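Right, one structure below, let's go through it.
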Amino acid sequence: MRTTNRFQKSQYDALNRKRANEARARQYELFRRTLESFTGCHVVAEHKFHDTRKWRLDFAIVGLKIGIEIEGGVWSCGAHTRGKGFIEDMEKYNAAVTFGWVILRFTPQDLNKITTFETIKKVVELKKD
């Protein structure tokens with residue numbers, strides 16, 4: 001009986017993770033499309049910016065070298081807010097800057113805020129000048 005309950009919980013957890021990932025994917029795609037409309041720029045998701053490392057930017061306006069990173073796990077002590085992940089992210093962001101990228105960092109909660117879009121648009125205007 002315990003095995004069945006543990007198995008059912010495992011299936012339930014997997015289903016919840018799948019639903020959460022699907023919801024996040026829909027939110028990110030909506031953000032990308034809205035950002036394109038708001039800035040008039042083509043926005044790429046998961047842009048690989050480094051030739052030898054597997055680093056990717058969550059979103060990128062490639063022509064202007066503007067990278068947008070969504071920092072998840074801020075309140076849940078996720079992998080990117082703990083020591084090793086935090087240091088690895090710093091290395092990635094610093095490498096991007098050495099290649100001429102501007103990196104903007106937001107939380108998932110910021111994706112729905114007009115101030116996020118206004119901030120990105122200001123940087124787009126600065127880079128176009």
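Residues in the structure tokens are numbered from 1 in each chain, the chains being A, B, ... in the order shown, and ligands are numbered from 1 in the order shown.
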Applying 10 Å and only C-alpha atoms, which residues near range 83-98 of chain A remain after dropping the ones on its own chain fewer than 4 positions away? List them as a PDB file with N, CA and C atoms, in the first residue's frame.
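Below is the file that was written, selection-v5.pdb:
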```pdb
ATOM      1  N   PHE A  49      25.073  32.830 -26.813  1.00  0.00           N
ATOM      2  CA  PHE A  49      25.921  33.975 -27.134  1.00  0.00           C
ATOM      3  C   PHE A  49      27.415  33.655 -27.074  1.00  0.00           C
ATOM      4  N   HIS A  50      27.772  32.462 -26.657  1.00  0.00           N
ATOM      5  CA  HIS A  50      29.181  32.112 -26.489  1.00  0.00           C
ATOM      6  C   HIS A  50      29.512  30.914 -27.367  1.00  0.00           C
ATOM      7  N   ARG A  53      31.139  27.881 -24.654  1.00  0.00           N
ATOM      8  CA  ARG A  53      30.340  27.525 -23.486  1.00  0.00           C
ATOM      9  C   ARG A  53      28.891  27.324 -23.923  1.00  0.00           C
ATOM     10  N   LYS A  54      28.116  26.641 -23.118  1.00  0.00           N
ATOM     11  CA  LYS A  54      26.709  26.379 -23.450  1.00  0.00           C
ATOM     12  C   LYS A  54      25.787  27.477 -22.906  1.00  0.00           C
ATOM     13  N   TRP A  55      26.358  28.623 -22.627  1.00  0.00           N
ATOM     14  CA  TRP A  55      25.585  29.706 -22.052  1.00  0.00           C
ATOM     15  C   TRP A  55      24.529  30.220 -23.017  1.00  0.00           C
ATOM     16  N   ARG A  56      23.372  30.496 -22.474  1.00  0.00           N
ATOM     17  CA  ARG A  56      22.261  31.078 -23.238  1.00  0.00           C
ATOM     18  C   ARG A  56      21.664  32.227 -22.437  1.00  0.00           C
ATOM     19  N   LEU A  57      21.176  33.197 -23.159  1.00  0.00           N
ATOM     20  CA  LEU A  57      20.417  34.285 -22.544  1.00  0.00           C
ATOM     21  C   LEU A  57      18.941  33.924 -22.659  1.00  0.00           C
ATOM     22  N   LYS A  65      22.483  43.635 -29.086  1.00  0.00           N
ATOM     23  CA  LYS A  65      23.199  42.969 -27.998  1.00  0.00           C
ATOM     24  C   LYS A  65      22.624  43.339 -26.628  1.00  0.00           C
ATOM     25  N   ILE A  66      21.315  43.161 -26.516  1.00  0.00           N
ATOM     26  CA  ILE A  66      20.631  43.349 -25.230  1.00  0.00           C
ATOM     27  C   ILE A  66      20.155  41.972 -24.778  1.00  0.00           C
ATOM     28  N   GLY A  67      20.644  41.542 -23.630  1.00  0.00           N
ATOM     29  CA  GLY A  67      20.245  40.263 -23.057  1.00  0.00           C
ATOM     30  C   GLY A  67      19.304  40.476 -21.888  1.00  0.00           C
ATOM     31  N   GLU A  69      17.595  38.428 -18.721  1.00  0.00           N
ATOM     32  CA  GLU A  69      17.637  37.225 -17.909  1.00  0.00           C
ATOM     33  C   GLU A  69      16.505  37.258 -16.882  1.00  0.00           C
ATOM     34  N   GLU A  71      15.426  35.810 -13.458  1.00  0.00           N
ATOM     35  CA  GLU A  71      16.054  35.193 -12.286  1.00  0.00           C
ATOM     36  C   GLU A  71      15.001  34.489 -11.441  1.00  0.00           C
ATOM     37  N   GLY A  78      16.344  28.997  -5.009  1.00  0.00           N
ATOM     38  CA  GLY A  78      16.603  28.174  -6.182  1.00  0.00           C
ATOM     39  C   GLY A  78      18.085  28.094  -6.501  1.00  0.00           C
ATOM     40  N   ALA A  79      18.409  27.268  -7.472  1.00  0.00           N
ATOM     41  CA  ALA A  79      19.809  26.997  -7.820  1.00  0.00           C
ATOM     42  C   ALA A  79      20.601  28.260  -8.152  1.00  0.00           C
ATOM     43  N   VAL A 102      24.601  44.107 -23.122  1.00  0.00           N
ATOM     44  CA  VAL A 102      24.007  44.720 -21.929  1.00  0.00           C
ATOM     45  C   VAL A 102      23.067  43.661 -21.373  1.00  0.00           C
ATOM     46  N   ILE A 103      23.175  43.369 -20.089  1.00  0.00           N
ATOM     47  CA  ILE A 103      22.335  42.353 -19.467  1.00  0.00           C
ATOM     48  C   ILE A 103      21.369  43.014 -18.492  1.00  0.00           C
ATOM     49  N   LEU A 104      20.091  42.760 -18.719  1.00  0.00           N
ATOM     50  CA  LEU A 104      19.036  43.240 -17.819  1.00  0.00           C
ATOM     51  C   LEU A 104      18.470  42.030 -17.082  1.00  0.00           C
ATOM     52  N   ARG A 105      18.291  42.171 -15.777  1.00  0.00           N
ATOM     53  CA  ARG A 105      17.843  41.039 -14.964  1.00  0.00           C
ATOM     54  C   ARG A 105      16.501  41.368 -14.323  1.00  0.00           C
TER      55      ARG A 105
END
```
- [ ] Tell me, as a ChimeraX atom specification, which residues lie within 10 Å of Arg32 in chain A, counting only C-alpha atoms; anything in the same chain fewer than 4 positions away does not count.
- [x] /A:26-28,36-38,42-45,58-60,111
Task: Minimum-distance residue to Gly72 in chain A, chosen among A:Arg24, A:Arg19, A:Lys128, A:His47 (using only C-alpha atoms) - done: A:Arg24
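Residues in contact with range 113-118 of chain A at 9 Å, where only C-alpha atoms are counted and same-chain residues fewer than 6 positions away are skipped, are listed as Thr34, Leu35, Phe38, Thr39 and Phe106 of chain A.
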- [ ] Write out as a list of chain:residue names all residues of range 13-109 of chain A that DSSP puts in strand (DSSP E or B) for this structure's backbone.
- [x]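 Those in range 13-109 of chain A that DSSP calls strand (DSSP E or B) are A:Val44, A:Ala45, A:Glu46, A:His47, A:Lys48, A:Arg56, A:Leu57, A:Asp58, A:Phe59, A:Ala60, A:Ile61, A:Ile66, A:Gly67, A:Ile68, A:Glu69, A:Ile70, A:Val102, A:Ile103, A:Leu104, A:Arg105, A:Phe106.
Computed from the coordinates, the CA of Thr107 in chain A to CA of Ile70 in chain A distance equals 5.3 Å.
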TODO: Could you tell me how far CA of Ile68 in chain A lies from CA of Arg33 in chain A, in Å and to one decimal?
DONE: 13.8 Å
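Distances from A:Asp110, A:Ala14, A:Glu46, A:Ile61 to Phe31 in chain A were compared using only C-alpha atoms, and the smallest one belongs to A:Asp110.
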